[in-house]
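Undergrad: Take a look at this one; I'll ask things after.
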Amino acid sequence: MTAMTSSARPLLNRRLAEFGTTIFAEMSALAVRTGAINLGQGFPDTDGPEEVREAAVRALRDGRGNQYPPGPGIPELRTAVAAHQQRRYGLSVDPDTDVLVTAGATEAIAAAMLALVEPGDEVIALEPYYDSYAACVAMAGGTRVPVTLRPHEGRFRLDLDELRDAVTDRTRLLLINTPHNPTGTVLTREELAAIAELAVERDLLVVTDEVYEHLVFDDAEHIPLATFPGMRDRTVTISSAGKTFSFTGWKVGWITASPALITAVRSAKQFLTYVSAGPFQYAIAEALALPESYFEDLRADMLTKRDVLAAGLEEAGLTVHRPSGTYFITADIRPLGETDGIAFCRALPERTGVVAVPTAVFYDHRELGAPFVRFAFCKKKPVLEEAARRLKTAGTL
Ligand SMILES: Cc1ncc(COP(=O)(O)O)c(C=O)c1O
């Protein structure tokens, strides 16, 4: 009998060969085994607002969204997304033609890559990059071209010359993420303006992941790339409810873009999930209409948490690049005499009872990311205080 599979041919599609198990699975398993505080994965340890949870329960009970919702998303949510973009950023978005609801930002990224990228196309992404970017570019058959954010005067900075030099005749799109996971960098108005000019000059599409749009601190300001001249018709803006409303398990995300781009991305999206999260879409429509005080309180709360963790890491001897956005801190372990973040993170739970993730796994240039380690601070304040205490008193650090 002939074997069903040839031993010469691996089971996993070769495009995905480099994407085995994620570092999060390894580190979370380590957290469970050692009973360590898990600051590796970025999900809050408290649910979002009670009234939003209740809105989901009401939708379920009332039978709203329990059957397939409309392909582009329920009108209430599309209208709420459009109103949010108008209110916050002055962007006028037509809920009928310019919004597409997705299964989290994750599906939005996948659908955008599958729709817009062909084999041979190059996609420029900021390195370190969120891990799904590399996998989605690979699934689309594209080639990723990383442009590295480097620490400079306390923040990870984009080198605009390097970005310009990375563009070739094969570049199809720029995949931007601001506020940026894992570095916490929020691109400035000047940086965004330069990216926009480059996109216009070289006629590039831009996919911009803005899931941390509400988590910006100090003097930083989140400005959507779509607001810059010439960007409306070439930008796919992605956001999601997970980070803003602390319901990461609901997986409600959305895209805003021109009708032509929405149509293209929807062509891919309809064959991924088709639709998702019916009752949760109703709840997030209500969440987006929460008063401004909700968003201010979220930001203030996260800022306090950032400062607790940053102080703890500094006291433990790490160099902290204090993030202007997101709920992650990227710290440099070199002051501890360490250079290998992967080995450091594998040993950290036993040494201190805290789990972090090595950011080297988010780099193509692994050597550039080697000394950096990411800690999430979207946890209760006492949990962060305990983590800080453990890091400081571990003695071996
Ligand atoms: C930069 C970035 N984009 C997208 C996502 C995924 O968002 P969602 O849970 O809505 O799929 C995350 C989650 O950590 C993220 O950090």
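If you're wondering about the labels, chains in the structure tokens are A, B, ... by order shown, residues count from 1 in each chain, ligands from 1 in order shown.
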Pick out the residues no farther than 8 Å from ligand 1, counting only C-alpha atoms and all ligand atoms, and list them as a PDB file with N, CA and C atoms, in the first residue's frame.
TA:
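This went into out09.pdb:
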```pdb
ATOM      1  N   GLN A  41       2.033  36.980  28.768  1.00  0.00           N
ATOM      2  CA  GLN A  41       0.976  37.228  27.777  1.00  0.00           C
ATOM      3  C   GLN A  41       0.165  38.473  28.124  1.00  0.00           C
ATOM      4  N   GLY A  42      -0.244  39.196  27.096  1.00  0.00           N
ATOM      5  CA  GLY A  42      -0.877  40.491  27.304  1.00  0.00           C
ATOM      6  C   GLY A  42      -2.386  40.440  27.415  1.00  0.00           C
ATOM      7  N   PHE A  43      -2.890  39.856  28.485  1.00  0.00           N
ATOM      8  CA  PHE A  43      -4.339  39.961  28.697  1.00  0.00           C
ATOM      9  C   PHE A  43      -4.586  40.433  30.123  1.00  0.00           C
ATOM     10  N   ALA A 103     -13.160  39.019  13.369  1.00  0.00           N
ATOM     11  CA  ALA A 103     -12.941  38.229  14.597  1.00  0.00           C
ATOM     12  C   ALA A 103     -11.637  38.701  15.229  1.00  0.00           C
ATOM     13  N   GLY A 104     -11.723  39.796  15.931  1.00  0.00           N
ATOM     14  CA  GLY A 104     -10.536  40.411  16.536  1.00  0.00           C
ATOM     15  C   GLY A 104      -9.662  41.071  15.484  1.00  0.00           C
ATOM     16  N   ALA A 105      -8.642  41.775  15.978  1.00  0.00           N
ATOM     17  CA  ALA A 105      -7.685  42.370  15.052  1.00  0.00           C
ATOM     18  C   ALA A 105      -6.905  41.271  14.339  1.00  0.00           C
ATOM     19  N   THR A 106      -6.798  40.116  14.974  1.00  0.00           N
ATOM     20  CA  THR A 106      -6.034  39.010  14.381  1.00  0.00           C
ATOM     21  C   THR A 106      -6.600  38.635  13.008  1.00  0.00           C
ATOM     22  N   GLU A 107      -7.929  38.491  12.930  1.00  0.00           N
ATOM     23  CA  GLU A 107      -8.497  38.154  11.633  1.00  0.00           C
ATOM     24  C   GLU A 107      -8.373  39.324  10.651  1.00  0.00           C
ATOM     25  N   ALA A 108      -8.481  40.531  11.192  1.00  0.00           N
ATOM     26  CA  ALA A 108      -8.352  41.700  10.313  1.00  0.00           C
ATOM     27  C   ALA A 108      -6.972  41.712   9.646  1.00  0.00           C
ATOM     28  N   ILE A 109      -5.942  41.396  10.416  1.00  0.00           N
ATOM     29  CA  ILE A 109      -4.578  41.376   9.875  1.00  0.00           C
ATOM     30  C   ILE A 109      -4.465  40.267   8.817  1.00  0.00           C
ATOM     31  N   TYR A 129       8.123  42.834  15.719  1.00  0.00           N
ATOM     32  CA  TYR A 129       6.735  42.889  15.250  1.00  0.00           C
ATOM     33  C   TYR A 129       5.863  41.897  16.004  1.00  0.00           C
ATOM     34  N   TYR A 130       4.586  42.225  16.080  1.00  0.00           N
ATOM     35  CA  TYR A 130       3.589  41.338  16.662  1.00  0.00           C
ATOM     36  C   TYR A 130       3.635  40.036  15.881  1.00  0.00           C
ATOM     37  N   SER A 132       1.826  37.630  14.770  1.00  0.00           N
ATOM     38  CA  SER A 132       0.951  37.188  13.680  1.00  0.00           C
ATOM     39  C   SER A 132       1.296  37.872  12.352  1.00  0.00           C
ATOM     40  N   ASN A 177       2.388  49.620  13.163  1.00  0.00           N
ATOM     41  CA  ASN A 177       1.693  49.358  14.434  1.00  0.00           C
ATOM     42  C   ASN A 177       2.044  50.479  15.401  1.00  0.00           C
ATOM     43  N   THR A 178       1.043  51.271  15.730  1.00  0.00           N
ATOM     44  CA  THR A 178       1.236  52.331  16.724  1.00  0.00           C
ATOM     45  C   THR A 178      -0.052  52.515  17.505  1.00  0.00           C
ATOM     46  N   PRO A 179      -0.006  52.618  18.822  1.00  0.00           N
ATOM     47  CA  PRO A 179       1.087  52.328  19.739  1.00  0.00           C
ATOM     48  C   PRO A 179       1.644  50.921  19.513  1.00  0.00           C
ATOM     49  N   HIS A 180       2.950  50.788  19.707  1.00  0.00           N
ATOM     50  CA  HIS A 180       3.660  49.612  19.214  1.00  0.00           C
ATOM     51  C   HIS A 180       3.916  48.554  20.285  1.00  0.00           C
ATOM     52  N   ASN A 181       3.451  47.358  19.973  1.00  0.00           N
ATOM     53  CA  ASN A 181       3.739  46.179  20.794  1.00  0.00           C
ATOM     54  C   ASN A 181       4.937  45.474  20.167  1.00  0.00           C
ATOM     55  N   PRO A 182       6.034  45.191  20.859  1.00  0.00           N
ATOM     56  CA  PRO A 182       6.205  45.219  22.307  1.00  0.00           C
ATOM     57  C   PRO A 182       6.951  46.426  22.875  1.00  0.00           C
ATOM     58  N   ASP A 209      -2.105  48.895  12.423  1.00  0.00           N
ATOM     59  CA  ASP A 209      -2.699  48.195  13.551  1.00  0.00           C
ATOM     60  C   ASP A 209      -2.699  49.152  14.734  1.00  0.00           C
ATOM     61  N   GLU A 210      -3.905  49.601  15.111  1.00  0.00           N
ATOM     62  CA  GLU A 210      -4.029  50.637  16.141  1.00  0.00           C
ATOM     63  C   GLU A 210      -4.811  50.108  17.347  1.00  0.00           C
ATOM     64  N   VAL A 211      -4.621  48.818  17.663  1.00  0.00           N
ATOM     65  CA  VAL A 211      -5.434  48.223  18.744  1.00  0.00           C
ATOM     66  C   VAL A 211      -5.183  48.864  20.102  1.00  0.00           C
ATOM     67  N   TYR A 212      -4.036  49.507  20.276  1.00  0.00           N
ATOM     68  CA  TYR A 212      -3.753  50.167  21.567  1.00  0.00           C
ATOM     69  C   TYR A 212      -4.052  51.666  21.506  1.00  0.00           C
ATOM     70  N   SER A 239      -8.538  48.033  14.338  1.00  0.00           N
ATOM     71  CA  SER A 239      -8.601  48.174  15.790  1.00  0.00           C
ATOM     72  C   SER A 239      -9.445  47.038  16.351  1.00  0.00           C
ATOM     73  N   SER A 240      -9.611  47.058  17.656  1.00  0.00           N
ATOM     74  CA  SER A 240     -10.281  45.928  18.280  1.00  0.00           C
ATOM     75  C   SER A 240     -10.764  46.311  19.668  1.00  0.00           C
ATOM     76  N   ALA A 241     -11.754  45.567  20.158  1.00  0.00           N
ATOM     77  CA  ALA A 241     -12.312  45.858  21.480  1.00  0.00           C
ATOM     78  C   ALA A 241     -11.490  45.245  22.604  1.00  0.00           C
ATOM     79  N   GLY A 242     -10.669  44.271  22.278  1.00  0.00           N
ATOM     80  CA  GLY A 242      -9.973  43.485  23.301  1.00  0.00           C
ATOM     81  C   GLY A 242      -9.209  44.335  24.289  1.00  0.00           C
ATOM     82  N   LYS A 243      -8.360  45.228  23.784  1.00  0.00           N
ATOM     83  CA  LYS A 243      -7.482  46.003  24.658  1.00  0.00           C
ATOM     84  C   LYS A 243      -8.230  47.178  25.281  1.00  0.00           C
ATOM     85  N   THR A 248     -10.629  40.496  25.998  1.00  0.00           N
ATOM     86  CA  THR A 248      -9.813  39.937  24.910  1.00  0.00           C
ATOM     87  C   THR A 248     -10.399  38.624  24.371  1.00  0.00           C
ATOM     88  N   GLY A 249     -11.218  37.945  25.197  1.00  0.00           N
ATOM     89  CA  GLY A 249     -11.776  36.668  24.752  1.00  0.00           C
ATOM     90  C   GLY A 249     -12.953  36.813  23.802  1.00  0.00           C
ATOM     91  N   LYS A 251     -13.072  38.664  21.059  1.00  0.00           N
ATOM     92  CA  LYS A 251     -12.577  38.723  19.684  1.00  0.00           C
ATOM     93  C   LYS A 251     -13.492  39.539  18.755  1.00  0.00           C
ATOM     94  N   VAL A 252     -13.704  40.774  19.141  1.00  0.00           N
ATOM     95  CA  VAL A 252     -14.425  41.698  18.260  1.00  0.00           C
ATOM     96  C   VAL A 252     -13.421  42.741  17.766  1.00  0.00           C
ATOM     97  N   GLY A 253     -13.191  42.743  16.475  1.00  0.00           N
ATOM     98  CA  GLY A 253     -12.287  43.719  15.885  1.00  0.00           C
ATOM     99  C   GLY A 253     -12.948  44.378  14.689  1.00  0.00           C
TER     100      GLY A 253
END
```
Undergrad: Could you give me the residues within stretch 108-166 of chain A that DSSP places in helix (DSSP H, G or I), as an MDAnalysis selection string?
TA: chainID A and resid 108:116 131:139 160:166
Undergrad: Just write the chosen residues, C-alpha atoms, as an mmCIF file, in the first residue's frame.
TA:
```
data_model
loop_
_atom_site.group_PDB
_atom_site.id
_atom_site.type_symbol
_atom_site.label_atom_id
_atom_site.label_comp_id
_atom_site.auth_asym_id
_atom_site.auth_seq_id
_atom_site.Cartn_x
_atom_site.Cartn_y
_atom_site.Cartn_z
ATOM 1 C CA ALA A 108 -8.352 41.700 10.313
ATOM 2 C CA ILE A 109 -4.578 41.376 9.875
ATOM 3 C CA ALA A 110 -4.894 37.952 8.234
ATOM 4 C CA ALA A 111 -7.660 39.057 5.871
ATOM 5 C CA ALA A 112 -5.785 42.232 4.925
ATOM 6 C CA MET A 113 -2.620 40.300 4.085
ATOM 7 C CA LEU A 114 -4.446 37.553 2.184
ATOM 8 C CA ALA A 115 -6.440 40.122 0.240
ATOM 9 C CA LEU A 116 -3.694 42.605 -0.588
ATOM 10 C CA ASP A 131 4.003 37.651 15.899
ATOM 11 C CA SER A 132 0.951 37.188 13.680
ATOM 12 C CA TYR A 133 2.311 39.690 11.132
ATOM 13 C CA ALA A 134 5.111 37.407 10.025
ATOM 14 C CA ALA A 135 2.817 34.395 9.815
ATOM 15 C CA CYS A 136 0.141 36.271 7.848
ATOM 16 C CA VAL A 137 2.632 37.710 5.364
ATOM 17 C CA ALA A 138 3.973 34.165 4.918
ATOM 18 C CA MET A 139 0.479 32.709 4.427
ATOM 19 C CA LEU A 160 13.034 57.122 8.706
ATOM 20 C CA ASP A 161 16.024 56.813 6.367
ATOM 21 C CA GLU A 162 16.123 53.098 6.991
ATOM 22 C CA LEU A 163 12.408 52.911 6.252
ATOM 23 C CA ARG A 164 12.865 54.825 2.998
ATOM 24 C CA ASP A 165 15.774 52.602 1.983
ATOM 25 C CA ALA A 166 13.735 49.467 2.624
#
```
Undergrad: Using only C-alpha atoms, I'd like a table of the residues in stretch 210-258 of chain A that come within 9 Å of stretch 195-198 of chain A; for each, show the closest atom pair and its distance in Å rounded to one decimal, ordered by chain and ascending number, as CSV.
TA:
```
residue,atom,partner,partner_atom,distance
A:Leu225,CA,A:Ala196,CA,7.1
A:Ala226,CA,A:Ala196,CA,8.7
A:Phe228,CA,A:Ala196,CA,6.5
A:Pro229,CA,A:Ala196,CA,7.4
A:Gly230,CA,A:Ala196,CA,7.4
A:Met231,CA,A:Ala196,CA,6.6
```
Undergrad: Can you tell me how far atom CA of A:Arg366 sits from atom CA of A:Arg155, in Å to one decimal?
TA: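 So the two atoms, atom CA of A:Arg366 and atom CA of A:Arg155, lie 19.1 Å apart.
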Undergrad: Nearest to A:Thr208: which of A:Gly65, A:Gly184, A:Leu173, A:Leu309 is it, counting only C-alpha atoms?
TA: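 Checking each of A:Gly65, A:Gly184, A:Leu173, A:Leu309 against A:Thr208, counting only C-alpha atoms, the winner is A:Leu173.
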Undergrad: Can you tell me, as a PyMOL selection string, what residues are no more than 12 Å from A:Ile329 when counting only C-alpha atoms, ignoring any on the same chain fewer than 3 positions away?
TA: chain A and resi 39-40+42+154-156+180-185+302-303+305-314+318-326+332+356-359+372-378
Undergrad: Pick out the residues sitting within 10 Å of stretch 339-353 of chain A, and hand them over as a PyMOL selection string; count only C-alpha atoms, and ignore anything fewer than 2 positions along from it in its own chain.
TA: chain A and resi 23+26-27+30-38+40+331-337+355-361+367+369-374+386-397
Undergrad: Store the residues picked out above, limited to C-alpha atoms, as a CSV table (one decimal), in the first residue's frame.
TA:
```csv
chain,number,residue,atom,x,y,z
A,23,ILE,CA,6.8,31.5,22.8
A,26,GLU,CA,6.1,27.8,26.3
A,27,MET,CA,6.2,30.6,28.8
A,30,LEU,CA,6.3,27.5,32.6
A,31,ALA,CA,4.1,29.9,34.6
A,32,VAL,CA,1.7,27.1,35.4
A,33,ARG,CA,4.5,24.6,36.3
A,34,THR,CA,6.3,27.0,38.6
A,35,GLY,CA,3.3,29.0,40.0
A,36,ALA,CA,5.0,32.2,38.8
A,37,ILE,CA,3.2,35.5,38.1
A,38,ASN,CA,2.6,35.5,34.4
A,40,GLY,CA,4.3,37.2,29.6
A,331,ALA,CA,13.4,46.1,29.5
A,332,ASP,CA,17.1,45.6,28.7
A,333,ILE,CA,18.9,42.9,30.8
A,334,ARG,CA,22.4,43.9,30.0
A,335,PRO,CA,23.0,45.9,33.2
A,336,LEU,CA,22.5,42.5,35.0
A,337,GLY,CA,25.4,41.1,33.0
A,355,VAL,CA,7.3,35.2,33.8
A,356,ALA,CA,8.3,37.5,30.9
A,357,VAL,CA,8.8,36.9,27.2
A,358,PRO,CA,12.0,37.5,25.2
A,359,THR,CA,11.5,40.0,22.5
A,360,ALA,CA,14.1,38.3,20.3
A,361,VAL,CA,11.3,36.1,19.0
A,367,GLU,CA,20.9,39.6,17.6
A,369,GLY,CA,16.5,41.8,20.0
A,370,ALA,CA,18.6,39.5,22.2
A,371,PRO,CA,19.0,41.6,25.3
A,372,PHE,CA,15.3,42.7,25.5
A,373,VAL,CA,12.5,41.2,27.6
A,374,ARG,CA,8.9,42.1,27.6
A,386,GLU,CA,4.2,41.4,44.2
A,387,ALA,CA,6.0,40.8,40.9
A,388,ALA,CA,8.2,43.9,41.6
A,389,ARG,CA,9.0,42.6,45.1
A,390,ARG,CA,9.9,39.2,43.8
A,391,LEU,CA,12.2,40.6,41.1
A,392,LYS,CA,13.9,42.9,43.6
A,393,THR,CA,14.4,40.4,46.3
A,394,ALA,CA,15.4,37.4,44.1
A,395,GLY,CA,19.0,38.3,44.9
A,396,THR,CA,20.2,36.4,41.9
A,397,LEU,CA,19.2,39.2,39.5
```
Undergrad: Extract, using only C-alpha atoms, all DNA, RNA and protein residues at most 9 Å from A:Ile262, discarding same-chain residues fewer than 3 positions from it, and format them as a list of chain:residue names.
TA: A:Thr97, A:Asp98, A:Val99, A:Leu100, A:Val236, A:Ile255, A:Thr256, A:Ala257, A:Ser258, A:Pro259, A:Val265, A:Arg266, A:Ser267
Undergrad: Which is closest to A:Leu288 among A:Gln67, A:Thr21, A:Thr244, A:Thr171, if we use only C-alpha atoms?
TA: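 Of A:Gln67, A:Thr21, A:Thr244, A:Thr171, the one nearest A:Leu288 is A:Thr244, counting only C-alpha atoms.
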Undergrad: Counting only C-alpha atoms, which of A:Glu127, A:Leu77, A:Trp250, A:Ala56 gets nearest to A:His365?
TA: A:Glu127
Undergrad: If I take atom CA of A:Arg88 and atom CA of A:Ala289, how far is one from the other in Å, to one decimal?
TA: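 Going from atom CA of A:Arg88 over to atom CA of A:Ala289 covers 11.6 Å.
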Undergrad: Using only C-alpha atoms, find each residue of stretch 51-90 of chain A with at least one atom at most 8 Å away from an atom of stretch 277-284 of chain A; report its shortest atom-to-atom pair and that distance in Å (one decimal), sort the rows by chain and rising residue number, and return the result as a tab-separated table.
TA:
```
residue	atom	partner	partner_atom	distance
A:Val52	CA	A:Ala283	CA	5.6
A:Arg53	CA	A:Ala283	CA	7.2
A:Glu54	CA	A:Ala283	CA	8.0
A:Ala55	CA	A:Ala283	CA	4.8
A:Ala56	CA	A:Ala283	CA	4.8
A:Val57	CA	A:Pro279	CA	7.9
A:Ala59	CA	A:Pro279	CA	5.2
A:Leu60	CA	A:Pro279	CA	5.6
A:Arg64	CA	A:Pro279	CA	5.9
A:Gly65	CA	A:Gly278	CA	3.8
A:Asn66	CA	A:Gly278	CA	5.9
A:Gln67	CA	A:Gly278	CA	7.1
A:Tyr68	CA	A:Gly278	CA	6.9
A:Pro69	CA	A:Gly278	CA	5.7
A:Gly73	CA	A:Gln281	CA	7.7
A:Ile74	CA	A:Gln281	CA	7.0
A:Glu76	CA	A:Tyr282	CA	6.9
A:Leu77	CA	A:Gln281	CA	6.2
```
Undergrad: If you run DSSP on this backbone, which residues of stretch 10-234 of chain A come out as strand (DSSP E), and could you give them as JSON, numbers by chain?
TA: {"A": [37, 38, 99, 100, 101, 102, 103, 122, 123, 124, 125, 126, 127, 143, 144, 145, 146, 147, 148, 149, 150, 151, 152, 155, 156, 157, 158, 171, 172, 173, 174, 175, 176, 177, 205, 206, 207, 208, 209]}
Undergrad: Quick one: distance from atom CA of A:Phe245 to atom CA of A:Asp47 in Å, one decimal?
TA: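 That distance, rounded to one decimal, is 8.1 Å.
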Undergrad: Near A:Glu122, counting only C-alpha atoms, which residues have an atom at most 10 Å away, once you skip same-chain residues fewer than 5 positions from it, shown as a VMD selection string?
TA: chain A and resid 117 137 141 to 145 166 to 174
Undergrad: Take the residues from that selection and put them in a file with N, CA and C atoms, as a compact mmCIF listing (two decimals), in the first residue's frame.
TA:
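The file below, again21.txt, is the result:
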```
# COMPACT_ATOMS: atom_id res chain seq x y z
N VAL A 117 -1.83 41.04 -0.55
CA VAL A 117 -0.45 40.64 -0.83
C VAL A 117 -0.43 39.41 -1.73
N VAL A 137 1.91 37.37 6.60
CA VAL A 137 2.63 37.71 5.36
C VAL A 137 3.06 36.41 4.69
N GLY A 141 2.09 34.47 1.01
CA GLY A 141 3.17 34.24 0.05
C GLY A 141 4.07 35.44 -0.13
N GLY A 142 3.90 36.44 0.71
CA GLY A 142 4.73 37.64 0.62
C GLY A 142 6.06 37.48 1.34
N THR A 143 6.90 38.49 1.20
CA THR A 143 8.19 38.49 1.87
C THR A 143 8.21 39.63 2.86
N ARG A 144 8.54 39.34 4.11
CA ARG A 144 8.57 40.44 5.08
C ARG A 144 9.93 41.10 5.05
N VAL A 145 9.89 42.41 5.20
CA VAL A 145 11.11 43.21 5.21
C VAL A 145 11.07 44.02 6.50
N ALA A 166 14.29 50.83 2.69
CA ALA A 166 13.73 49.47 2.62
C ALA A 166 12.73 49.32 1.49
N VAL A 167 12.22 50.44 0.97
CA VAL A 167 11.20 50.37 -0.09
C VAL A 167 11.88 50.01 -1.43
N THR A 168 11.33 49.00 -2.09
CA THR A 168 11.85 48.62 -3.42
C THR A 168 10.68 48.61 -4.40
N ASP A 169 10.96 48.22 -5.64
CA ASP A 169 9.88 48.12 -6.63
C ASP A 169 8.88 47.03 -6.29
N ARG A 170 9.31 46.12 -5.42
CA ARG A 170 8.41 45.01 -5.06
C ARG A 170 7.59 45.32 -3.80
N THR A 171 7.85 46.44 -3.16
CA THR A 171 7.12 46.74 -1.92
C THR A 171 5.64 46.97 -2.23
N ARG A 172 4.79 46.19 -1.57
CA ARG A 172 3.35 46.34 -1.77
C ARG A 172 2.74 47.19 -0.66
N LEU A 173 3.17 46.91 0.56
CA LEU A 173 2.56 47.68 1.64
C LEU A 173 3.45 47.83 2.84
N LEU A 174 3.12 48.87 3.61
CA LEU A 174 3.75 49.11 4.90
C LEU A 174 2.79 48.61 5.97
```
